Amino acid sequence: MDLESKGSFLPVFATLRGILALMFSLFIAGWKYLQNHNKTQMESKKLFISLCCQTMSENANLTIFKYVVNPVLRVVCLGLAKRHGMTKYDSDEGKGYWVRQAQNQDSQPDKQTRKLLLYVHGGGFVCDLLPTSLASIRILSNELDQNTAALALNYPLFSKCTDLNEYIWKEYCKLASQYSEVNLVGDSCGGHLILNIMLRCHRENYANRPSTAIAISPWCNILDTNTIDLDAIQGFNVDLLNRETLVTYQHSYLNEEEPPLTQDSWLINTNNTAAETWQDILQRTRLLVNYGECEVFKIQVEQFLAHIGSNPNLVVQRQKNGFHTEPLIMSDKKVLKSWRDFILAAPSEEKVNQVP
């Protein structure tokens, strides 16, 4: 396995240095912008936002995420939730926010007309739900019919891969039993987790399969550290993630243990599962994959799509000059409406779109 040896929680000096860098992240991002703006055709506003996020992610080690970043994100998300009337989802197993309650959420005891939009957030398995993602899911859910509820699911951060996948699976099964239709949305590592839900539904011949799945910039190969090294591949990186940051996330997710061979296909979606399996999965669940032309997972995602092959229930969106999870961070209403159309549409001809 090509993973460098690296501790999960870094020394105090490195943490203090990281906090100091975060305080000056706008200035650092500005310097990066001057160095890179002529190397890419990315729009200036998007480039600066991406480089700001890159600066913050590369300086926030796991200690900073746990004790600084995540508490701040939780407070901001709570404020956003209260402002828009979202309620907390707090069951024995899972937590999160009801972004939207279905019109028949309480009045309809049987599940025949109840639908669910289930969002699993990204963040490298160490970062909490982002307010921009919560806002984007709210916009998307409000575009759906009144019988559709929307849930942004939180999960235990810094968890071992097997434990986390089991947690997500149990939550999915519980929720899927309560609704006639479940539509999945996941970005980055959340995209990885919803792909694993699709795989496990197939392997266990689970009856309540998702109707659709939207994977935004999915982390398709957790073990890969080569195709994500844009600095080495093209000499520069304007995405909001880089190789060093992702190696830190990898170690947290794997918990410094060699993954069991039986779990490899849950860590590597690019080629460890037979293409025929994915073709079978797509007979029951339509899949939309959205990724950016300038993002760190571009090669991984394209390897995954090439491995699956063409299918009328597979839709691919390439964000022109786009960065990692751009539609959620920018709350791109045009793209969000295309996701609404995908969820509501019947299975149709395969399309490959380049989103301007």
# chains A, B, ... in the order shown; residues from 1 in each chain; ligands from 1
>>> residues_around(residues="Ser44 in chain A", least_positions_apart="5", cutoff="9 Å", atoms="only C-alpha atoms", output="mmCIF file with C-alpha atoms, in the first residue's frame")
data_model
loop_
_atom_site.group_PDB
_atom_site.id
_atom_site.type_symbol
_atom_site.label_atom_id
_atom_site.label_comp_id
_atom_site.auth_asym_id
_atom_site.auth_seq_id
_atom_site.Cartn_x
_atom_site.Cartn_y
_atom_site.Cartn_z
ATOM 1 C CA TYR A 33 -3.514 33.166 -6.671
ATOM 2 C CA HIS A 37 -3.885 32.526 -12.066
ATOM 3 C CA ILE A 49 -12.187 30.420 -3.237
#
>>> residues_around(residues="Glu295 in chain A", least_positions_apart="5", cutoff="12 Å", atoms="only C-alpha atoms", output="count of residues only")
38
>>> residues_around(residues="Gly124 in chain A", least_positions_apart="3", cutoff="7 Å", atoms="only C-alpha atoms", output="ChimeraX atom specification")
/A:127,189,249
>>> write_last_selection(atoms="all heavy atoms", output="compact mmCIF listing (two decimals), in the first residue's frame")
# COMPACT_ATOMS: atom_id res chain seq x y z
N CYS A 127 -13.83 16.03 8.82
CA CYS A 127 -14.42 17.37 8.87
C CYS A 127 -15.93 17.26 8.92
O CYS A 127 -16.53 16.45 8.22
CB CYS A 127 -13.97 18.18 7.65
SG CYS A 127 -14.57 19.89 7.63
N CYS A 189 -15.71 12.12 0.22
CA CYS A 189 -15.76 10.84 0.94
C CYS A 189 -17.20 10.40 1.15
O CYS A 189 -17.48 9.20 1.27
CB CYS A 189 -15.01 10.92 2.26
SG CYS A 189 -15.76 11.99 3.51
N TYR A 249 -5.98 12.23 5.70
CA TYR A 249 -7.34 11.69 5.78
C TYR A 249 -7.33 10.18 5.62
O TYR A 249 -8.10 9.47 6.29
CB TYR A 249 -8.22 12.31 4.70
CG TYR A 249 -8.40 13.81 4.79
CD1 TYR A 249 -8.88 14.53 3.70
CD2 TYR A 249 -8.08 14.52 5.94
CE1 TYR A 249 -9.06 15.90 3.75
CE2 TYR A 249 -8.24 15.90 6.00
CZ TYR A 249 -8.72 16.58 4.90
OH TYR A 249 -8.89 17.93 4.95
>>> closest_residue(among="A:Asn70, A:Asn183, A:Asn154, A:Asn221", to="Leu134 in chain A", atoms="only C-alpha atoms")
A:Asn154
>>> closest_residue(among="A:Tyr119, A:Trp169, A:Phe65, A:Phe158", to="Arg209 in chain A", atoms="only C-alpha atoms")
A:Trp169
>>> residues_around(residues="Pro156 in chain A", least_positions_apart="2", cutoff="9 Å", atoms="only C-alpha atoms", output="CSV table (one decimal) with all heavy atoms, in the first residue's frame")
chain,number,residue,atom,x,y,z
A,94,GLY,N,-28.2,7.6,14.7
A,94,GLY,CA,-27.7,8.6,13.9
A,94,GLY,C,-28.1,10.0,14.3
A,94,GLY,O,-29.0,10.2,15.1
A,125,PHE,N,-13.6,12.3,6.1
A,125,PHE,CA,-13.9,11.5,7.3
A,125,PHE,C,-13.5,12.2,8.6
A,125,PHE,O,-13.6,11.6,9.6
A,125,PHE,CB,-13.3,10.1,7.2
A,125,PHE,CG,-13.5,9.4,5.9
A,125,PHE,CD1,-12.4,9.3,5.0
A,125,PHE,CD2,-14.7,8.9,5.6
A,125,PHE,CE1,-12.6,8.6,3.8
A,125,PHE,CE2,-14.9,8.2,4.4
A,125,PHE,CZ,-13.8,8.1,3.5
A,126,VAL,N,-13.0,13.4,8.5
A,126,VAL,CA,-12.5,14.2,9.7
A,126,VAL,C,-13.2,15.5,9.9
A,126,VAL,O,-13.1,16.1,11.0
A,126,VAL,CB,-11.0,14.3,9.7
A,126,VAL,CG1,-10.3,13.0,9.6
A,126,VAL,CG2,-10.6,15.3,8.6
A,154,ASN,N,-25.2,13.2,9.7
A,154,ASN,CA,-23.9,13.2,10.3
A,154,ASN,C,-23.4,11.8,10.7
A,154,ASN,O,-24.3,11.0,10.9
A,154,ASN,CB,-23.8,14.2,11.5
A,154,ASN,CG,-23.8,15.6,11.1
A,154,ASN,OD1,-23.3,16.0,10.1
A,154,ASN,ND2,-24.4,16.5,12.0
A,158,PHE,N,-13.4,10.6,12.4
A,158,PHE,CA,-12.2,9.9,12.9
A,158,PHE,C,-12.5,8.4,13.1
A,158,PHE,O,-11.8,7.8,14.0
A,158,PHE,CB,-11.6,10.6,14.1
A,158,PHE,CG,-11.5,12.1,14.0
A,158,PHE,CD1,-12.4,12.9,14.6
A,158,PHE,CD2,-10.4,12.6,13.3
A,158,PHE,CE1,-12.3,14.3,14.5
A,158,PHE,CE2,-10.3,14.0,13.2
A,158,PHE,CZ,-11.2,14.8,13.8
A,159,SER,N,-13.4,7.9,12.4
A,159,SER,CA,-13.8,6.5,12.7
A,159,SER,C,-13.0,5.5,11.7
A,159,SER,O,-12.7,5.9,10.6
A,159,SER,CB,-15.3,6.2,12.4
A,159,SER,OG,-16.1,6.9,13.4
A,164,LEU,N,-17.2,2.8,10.3
A,164,LEU,CA,-18.0,3.8,9.6
A,164,LEU,C,-18.9,3.3,8.6
A,164,LEU,O,-20.1,3.7,8.5
A,164,LEU,CB,-17.0,4.9,9.0
A,164,LEU,CG,-17.7,6.1,8.3
A,164,LEU,CD1,-18.7,6.7,9.2
A,164,LEU,CD2,-16.7,7.1,7.9
A,167,TYR,N,-21.8,1.7,10.2
A,167,TYR,CA,-22.7,2.8,10.8
A,167,TYR,C,-23.6,3.3,9.7
A,167,TYR,O,-24.9,3.4,9.8
A,167,TYR,CB,-21.9,3.9,11.4
A,167,TYR,CG,-22.6,5.1,11.9
A,167,TYR,CD1,-23.0,5.1,13.3
A,167,TYR,CD2,-23.0,6.1,11.1
A,167,TYR,CE1,-23.7,6.2,13.7
A,167,TYR,CE2,-23.7,7.2,11.6
A,167,TYR,CZ,-24.0,7.2,12.9
A,167,TYR,OH,-24.8,8.3,13.4
>>> closest_residue(among="A:Leu254, A:Arg284, A:Leu62, A:Tyr179", to="Tyr206 in chain A", atoms="only C-alpha atoms")
A:Arg284
>>> select_by_dssp(residues="range 124-273 of chain A", states="helix (DSSP H, G or I)", output="ChimeraX atom specification")
/A:131-142,161-176,189-203,230-234,243-254,261-267
>>> select_by_dssp(residues="range 76-283 of chain A", states="strand (DSSP E)", output="ChimeraX atom specification")
/A:87-90,95-100,115-120,148-154,181-187,212-216
>>> residues_around(residues="Thr87 in chain A", least_positions_apart="3", cutoff="10 Å", atoms="only C-alpha atoms", output="PyMOL selection string")
chain A and resi 78+81-82+84+90+96-101+151
